[in-house]
Amino acid sequence: MIERQGIMLSVRLMTYNHEPFIEDALNSIFKQEANFVFEIVIGDDFSTDNTLQIIKEFIRKNNKSNILWNLLKREKGDEYDIERQRVGRLANFFNIVENCKGKYIALLDGDDYWTDPLKLQKQVDFLEKNPEYTFVAGNTVVKKGDVETPLIKNYNTIQFEDLLEGNKLGVNTCTLCFRKDSLPSNYLEVLIKTSYGDWAITLLLLKQGNGYFLQDILGVYRQHDKGVWSSMSEAEQINGIFKMYNYIEATYPDYGKKINEYQINTIKKIQQSNYNRAMQDFKQSRKVFDLALFKLKLKEKKQIFIKNLFNNGK
């Protein structure tokens with residue numbers, strides 16, 4: 001029996017040039033089996049391919065009594081476009097969330113999809129029974145081309161301190177479902193100061209209460225060269241991590257000592273990784289005639305890299 005006391009949950013579907021993937025995402029939402037009313041709020045960020053046309057055609061052909069569609073209207077020069085020019089791609093996230101009417105919000109990007117038809121039902125059931133938790137996520141499969149790799153994390157309860165060192169949810173963010181009222185009103189301005197919105201969002205939620213991690217595989221995260229993370233250079237990825245550390249240290253000074261330790265450990269990992277890579281190049285090319293000189297130059301490059309890292313991260 002479908003409950004009709006209003007919208008229980010909103011699916012935040014964010015798209016941009018997802019033509020090869022968007023139908024999988026839409027199907028995975030539409031196939032959800034739920035005993036409550038939910039809406040699908042779609043924000044397309046001016047795609048230049050056929051993403052928008054595919055979405056419109058899918059909406060026209062697919063209807064269910066407990067699903068409401070809301071394809072947000074955007075035009076060049078409108079209020080959304082002006083905000084987009086101010087804050088970049090974060091404008092899409094913010095605009096969609098602000099149009100979500102549900103008690104809960106489930107995140108999905110147009111290049112990912114869910115695999116469990118009971119995903120939303122399981123998550124809403126958990127949050128309804130456990131009001132002290134702010135969000136619930138689950139395991140995923142990472143898909144690169146035709147290769148699928150299950151990424152199993154044995155988490156249960158997740159606390160704020162668990163995500164200080166890094167974005168341990170990572171690709172599992174495509175399974176995230178959270179309470180809308182647990183998101184502080186100033187979250188957009190917080191996201192502007194950080195590099196990784198999913199990491200920052202979960203930290204903000206965890207300041208309001210713990211999160212929970214289901215052991216079920218709930219979705220698929222695609223890795224491809226046009227993805228937000230995959231399209232970044234290694235330097236951009238690392239710079240983003242340090243920008244997050246700077247934000248956390250400034251916002252939560254009680255954790256300053258831990259953050260400094262994480263920064264040092266990250267630098268050590270970068271140094272070791274760069275050294276291993278450089279030594280491999282040396283062994284393969286044999287173009288460097290003086291190994292001692294080579295190591296000295298490598299050390300100088302590391303020092304310059306670390307200096308730039310801290311300067312760019314601030």
# chains A, B, ... in the order shown; residues from 1 in each chain; ligands from 1
call {"tool": "residues_around", "arguments": {"residues": "Lys144 of chain A", "least_positions_apart": "2", "cutoff": "10 Å", "atoms": "only C-alpha atoms", "output": "PyMOL selection string"}}
result
chain A and resi 141-142+146-149+221-225
call {"tool": "write_last_selection", "arguments": {"atoms": "C-alpha atoms", "output": "CSV table (one decimal), in the first residue's frame"}}
result
chain,number,residue,atom,x,y,z
A,141,VAL,CA,31.2,-1.9,-7.6
A,142,VAL,CA,33.8,0.2,-9.4
A,146,ASP,CA,34.0,-3.5,-19.1
A,147,VAL,CA,35.9,-4.4,-15.9
A,148,GLU,CA,33.9,-4.4,-12.7
A,149,THR,CA,35.6,-4.6,-9.3
A,221,TYR,CA,30.6,3.9,-9.7
A,222,ARG,CA,32.0,4.5,-13.1
A,223,GLN,CA,35.6,5.5,-13.7
A,224,HIS,CA,36.1,7.2,-17.0
A,225,ASP,CA,38.2,10.0,-18.5
call {"tool": "residues_around", "arguments": {"residues": "segment 117-132 of chain A", "least_positions_apart": "3", "cutoff": "10 Å", "atoms": "only C-alpha atoms", "output": "MDAnalysis selection string"}}
result
chainID A and resid 8:9 11 28:36 38 103:106 114 135:138 175:179 208:214 216:219
call {"tool": "atom_distance", "arguments": {"atom1": "atom CA of Gln237 of chain A", "atom2": "atom CA of Tyr196 of chain A"}}
result
9.4 Å
call {"tool": "select_by_dssp", "arguments": {"residues": "segment 92-292 of chain A", "states": "strand (DSSP E)", "output": "ChimeraX atom specification"}}
result
/A:104-109,113-114,133-144,147-151,157-158,177-179,210-222
call {"tool": "select_by_dssp", "arguments": {"residues": "segment 193-240 of chain A", "states": "helix (DSSP H, G or I)", "output": "list in words"}}
result
Lys193, Gly197, Asp198, Trp199, Ala200, Ile201, Thr202, Leu203, Leu204, Leu205, Leu206, Glu234, Ala235, Glu236, Gln237, Ile238, Asn239 and Gly240 of chain A
call {"tool": "write_last_selection", "arguments": {"atoms": "all heavy atoms", "output": "compact mmCIF listing (two decimals), in the first residue's frame"}}
result
# COMPACT_ATOMS: atom_id res chain seq x y z
N LYS A 193 34.81 26.61 -0.17
CA LYS A 193 36.14 26.68 0.45
C LYS A 193 36.91 25.37 0.31
O LYS A 193 38.09 25.31 0.64
CB LYS A 193 36.00 27.01 1.94
CG LYS A 193 35.37 28.37 2.22
CD LYS A 193 35.18 28.55 3.72
CE LYS A 193 34.44 29.84 4.04
NZ LYS A 193 34.18 29.99 5.49
N GLY A 197 33.45 18.13 -2.67
CA GLY A 197 32.15 18.37 -2.07
C GLY A 197 31.59 17.19 -1.32
O GLY A 197 30.97 17.34 -0.27
N ASP A 198 31.82 15.95 -1.85
CA ASP A 198 31.27 14.78 -1.18
C ASP A 198 31.92 14.57 0.19
O ASP A 198 31.25 14.24 1.17
CB ASP A 198 31.42 13.54 -2.05
CG ASP A 198 32.83 13.31 -2.55
OD1 ASP A 198 33.70 14.17 -2.33
OD2 ASP A 198 33.07 12.25 -3.17
N TRP A 199 33.22 14.80 0.27
CA TRP A 199 33.95 14.69 1.54
C TRP A 199 33.45 15.74 2.53
O TRP A 199 33.14 15.45 3.68
CB TRP A 199 35.44 14.83 1.28
CG TRP A 199 36.35 14.59 2.46
CD1 TRP A 199 36.01 14.24 3.74
CD2 TRP A 199 37.78 14.68 2.44
NE1 TRP A 199 37.13 14.13 4.52
CE2 TRP A 199 38.23 14.38 3.75
CE3 TRP A 199 38.72 14.99 1.46
CZ2 TRP A 199 39.59 14.38 4.10
CZ3 TRP A 199 40.06 14.98 1.80
CH2 TRP A 199 40.49 14.69 3.10
N ALA A 200 33.33 16.97 2.05
CA ALA A 200 32.87 18.07 2.91
C ALA A 200 31.44 17.85 3.39
O ALA A 200 31.12 18.10 4.56
CB ALA A 200 32.98 19.40 2.16
N ILE A 201 30.57 17.38 2.50
CA ILE A 201 29.17 17.12 2.86
C ILE A 201 29.08 16.10 3.98
O ILE A 201 28.35 16.28 4.97
CB ILE A 201 28.36 16.64 1.64
CG1 ILE A 201 28.04 17.81 0.70
CG2 ILE A 201 27.06 15.96 2.07
CD1 ILE A 201 27.04 18.81 1.25
N THR A 202 29.82 14.99 3.85
CA THR A 202 29.74 13.95 4.88
C THR A 202 30.31 14.44 6.20
O THR A 202 29.79 14.09 7.27
CB THR A 202 30.47 12.67 4.42
OG1 THR A 202 31.75 12.99 3.87
CG2 THR A 202 29.65 11.94 3.39
N LEU A 203 31.34 15.28 6.17
CA LEU A 203 31.87 15.86 7.41
C LEU A 203 30.82 16.74 8.09
O LEU A 203 30.64 16.69 9.31
CB LEU A 203 33.14 16.66 7.13
CG LEU A 203 34.42 15.87 6.91
CD1 LEU A 203 35.54 16.78 6.45
CD2 LEU A 203 34.83 15.13 8.19
N LEU A 204 30.14 17.55 7.30
CA LEU A 204 29.08 18.41 7.85
C LEU A 204 27.97 17.58 8.47
O LEU A 204 27.46 17.91 9.54
CB LEU A 204 28.51 19.32 6.75
CG LEU A 204 29.42 20.44 6.24
CD1 LEU A 204 28.79 21.12 5.03
CD2 LEU A 204 29.69 21.46 7.33
N LEU A 205 27.58 16.51 7.80
CA LEU A 205 26.53 15.64 8.33
C LEU A 205 26.99 14.95 9.61
O LEU A 205 26.21 14.81 10.57
CB LEU A 205 26.15 14.59 7.29
CG LEU A 205 25.44 15.10 6.02
CD1 LEU A 205 25.34 13.99 4.98
CD2 LEU A 205 24.06 15.64 6.35
N LEU A 206 28.25 14.54 9.65
CA LEU A 206 28.76 13.82 10.82
C LEU A 206 28.91 14.72 12.05
O LEU A 206 29.00 14.21 13.17
CB LEU A 206 30.11 13.16 10.49
CG LEU A 206 30.01 11.94 9.56
CD1 LEU A 206 31.38 11.52 9.07
CD2 LEU A 206 29.30 10.78 10.26
N GLU A 234 47.20 14.34 -11.21
CA GLU A 234 47.59 13.89 -9.87
C GLU A 234 47.87 15.08 -8.97
O GLU A 234 47.52 15.08 -7.79
CB GLU A 234 48.83 12.99 -9.96
CG GLU A 234 49.23 12.38 -8.63
CD GLU A 234 50.44 11.49 -8.73
OE1 GLU A 234 51.25 11.69 -9.66
OE2 GLU A 234 50.59 10.59 -7.89
N ALA A 235 48.50 16.12 -9.54
CA ALA A 235 48.80 17.32 -8.75
C ALA A 235 47.53 17.99 -8.25
O ALA A 235 47.45 18.45 -7.11
CB ALA A 235 49.63 18.30 -9.58
N GLU A 236 46.50 18.04 -9.12
CA GLU A 236 45.22 18.65 -8.73
C GLU A 236 44.55 17.83 -7.63
O GLU A 236 43.97 18.39 -6.69
CB GLU A 236 44.30 18.75 -9.95
CG GLU A 236 44.72 19.81 -10.94
CD GLU A 236 43.88 19.77 -12.21
OE1 GLU A 236 43.46 18.66 -12.62
OE2 GLU A 236 43.64 20.84 -12.80
N GLN A 237 44.61 16.51 -7.73
CA GLN A 237 44.02 15.65 -6.71
C GLN A 237 44.70 15.86 -5.36
O GLN A 237 44.04 16.00 -4.33
CB GLN A 237 44.14 14.19 -7.14
CG GLN A 237 43.28 13.83 -8.34
CD GLN A 237 43.54 12.43 -8.86
OE1 GLN A 237 44.47 11.76 -8.42
NE2 GLN A 237 42.73 11.97 -9.81
N ILE A 238 46.03 15.89 -5.38
CA ILE A 238 46.79 16.06 -4.13
C ILE A 238 46.55 17.45 -3.55
O ILE A 238 46.35 17.61 -2.34
CB ILE A 238 48.29 15.84 -4.39
CG1 ILE A 238 48.54 14.38 -4.77
CG2 ILE A 238 49.11 16.21 -3.16
CD1 ILE A 238 49.93 14.12 -5.30
N ASN A 239 46.52 18.45 -4.41
CA ASN A 239 46.28 19.82 -3.96
C ASN A 239 44.91 19.92 -3.29
O ASN A 239 44.73 20.61 -2.28
CB ASN A 239 46.36 20.79 -5.14
CG ASN A 239 46.17 22.23 -4.71
OD1 ASN A 239 46.93 22.75 -3.90
ND2 ASN A 239 45.16 22.88 -5.24
N GLY A 240 43.94 19.19 -3.85
CA GLY A 240 42.60 19.19 -3.27
C GLY A 240 42.58 18.59 -1.88
O GLY A 240 41.87 19.07 -0.99
call {"tool": "residues_around", "arguments": {"residues": "Lys61 of chain A", "least_positions_apart": "4", "cutoff": "12 Å", "atoms": "only C-alpha atoms", "output": "ChimeraX atom specification"}}
result
/A:26-27,30,54-57,69
call {"tool": "write_last_selection", "arguments": {"atoms": "N, CA, C and O atoms", "output": "PDB file, in the first residue's frame"}}
result
ATOM      1  N   LEU A  26      18.869   6.471 -14.912  1.00  0.00           N
ATOM      2  CA  LEU A  26      17.423   6.668 -14.835  1.00  0.00           C
ATOM      3  C   LEU A  26      16.690   5.352 -14.575  1.00  0.00           C
ATOM      4  O   LEU A  26      15.780   5.285 -13.746  1.00  0.00           O
ATOM      5  N   ASN A  27      17.105   4.319 -15.271  1.00  0.00           N
ATOM      6  CA  ASN A  27      16.478   3.002 -15.070  1.00  0.00           C
ATOM      7  C   ASN A  27      16.663   2.502 -13.647  1.00  0.00           C
ATOM      8  O   ASN A  27      15.750   1.926 -13.050  1.00  0.00           O
ATOM      9  N   PHE A  30      14.210   4.362 -11.498  1.00  0.00           N
ATOM     10  CA  PHE A  30      12.819   4.029 -11.792  1.00  0.00           C
ATOM     11  C   PHE A  30      12.447   2.625 -11.307  1.00  0.00           C
ATOM     12  O   PHE A  30      11.295   2.356 -10.962  1.00  0.00           O
ATOM     13  N   ILE A  54      17.563  12.650 -23.904  1.00  0.00           N
ATOM     14  CA  ILE A  54      17.335  11.292 -23.407  1.00  0.00           C
ATOM     15  C   ILE A  54      16.507  11.337 -22.123  1.00  0.00           C
ATOM     16  O   ILE A  54      15.583  10.535 -21.933  1.00  0.00           O
ATOM     17  N   ILE A  55      16.813  12.284 -21.247  1.00  0.00           N
ATOM     18  CA  ILE A  55      16.068  12.437 -19.995  1.00  0.00           C
ATOM     19  C   ILE A  55      14.598  12.748 -20.278  1.00  0.00           C
ATOM     20  O   ILE A  55      13.690  12.124 -19.706  1.00  0.00           O
ATOM     21  N   LYS A  56      14.355  13.701 -21.155  1.00  0.00           N
ATOM     22  CA  LYS A  56      12.980  14.102 -21.459  1.00  0.00           C
ATOM     23  C   LYS A  56      12.177  12.932 -22.049  1.00  0.00           C
ATOM     24  O   LYS A  56      11.011  12.727 -21.709  1.00  0.00           O
ATOM     25  N   GLU A  57      12.808  12.168 -22.931  1.00  0.00           N
ATOM     26  CA  GLU A  57      12.130  11.032 -23.554  1.00  0.00           C
ATOM     27  C   GLU A  57      11.864   9.939 -22.512  1.00  0.00           C
ATOM     28  O   GLU A  57      10.795   9.309 -22.529  1.00  0.00           O
ATOM     29  N   TRP A  69       8.429  13.293 -11.136  1.00  0.00           N
ATOM     30  CA  TRP A  69       9.584  13.809 -11.873  1.00  0.00           C
ATOM     31  C   TRP A  69       9.668  15.320 -11.724  1.00  0.00           C
ATOM     32  O   TRP A  69       8.654  16.010 -11.778  1.00  0.00           O
TER      33      TRP A  69
END
call {"tool": "closest_residue", "arguments": {"among": "A:Lys73, A:Lys207, A:Asn62, A:Arg84", "to": "Leu163 of chain A", "atoms": "only C-alpha atoms"}}
result
A:Lys207
call {"tool": "atom_distance", "arguments": {"atom1": "atom CA of Ile152 of chain A", "atom2": "atom CA of Asp24 of chain A"}}
result
22.1 Å
call {"tool": "atom_distance", "arguments": {"atom1": "atom CA of Ile267 of chain A", "atom2": "atom CA of Asn167 of chain A"}}
result
16.8 Å
call {"tool": "closest_residue", "arguments": {"among": "A:Gly43, A:Phe58, A:Thr115, A:Asn260", "to": "Tyr80 of chain A", "atoms": "only C-alpha atoms"}}
result
A:Gly43
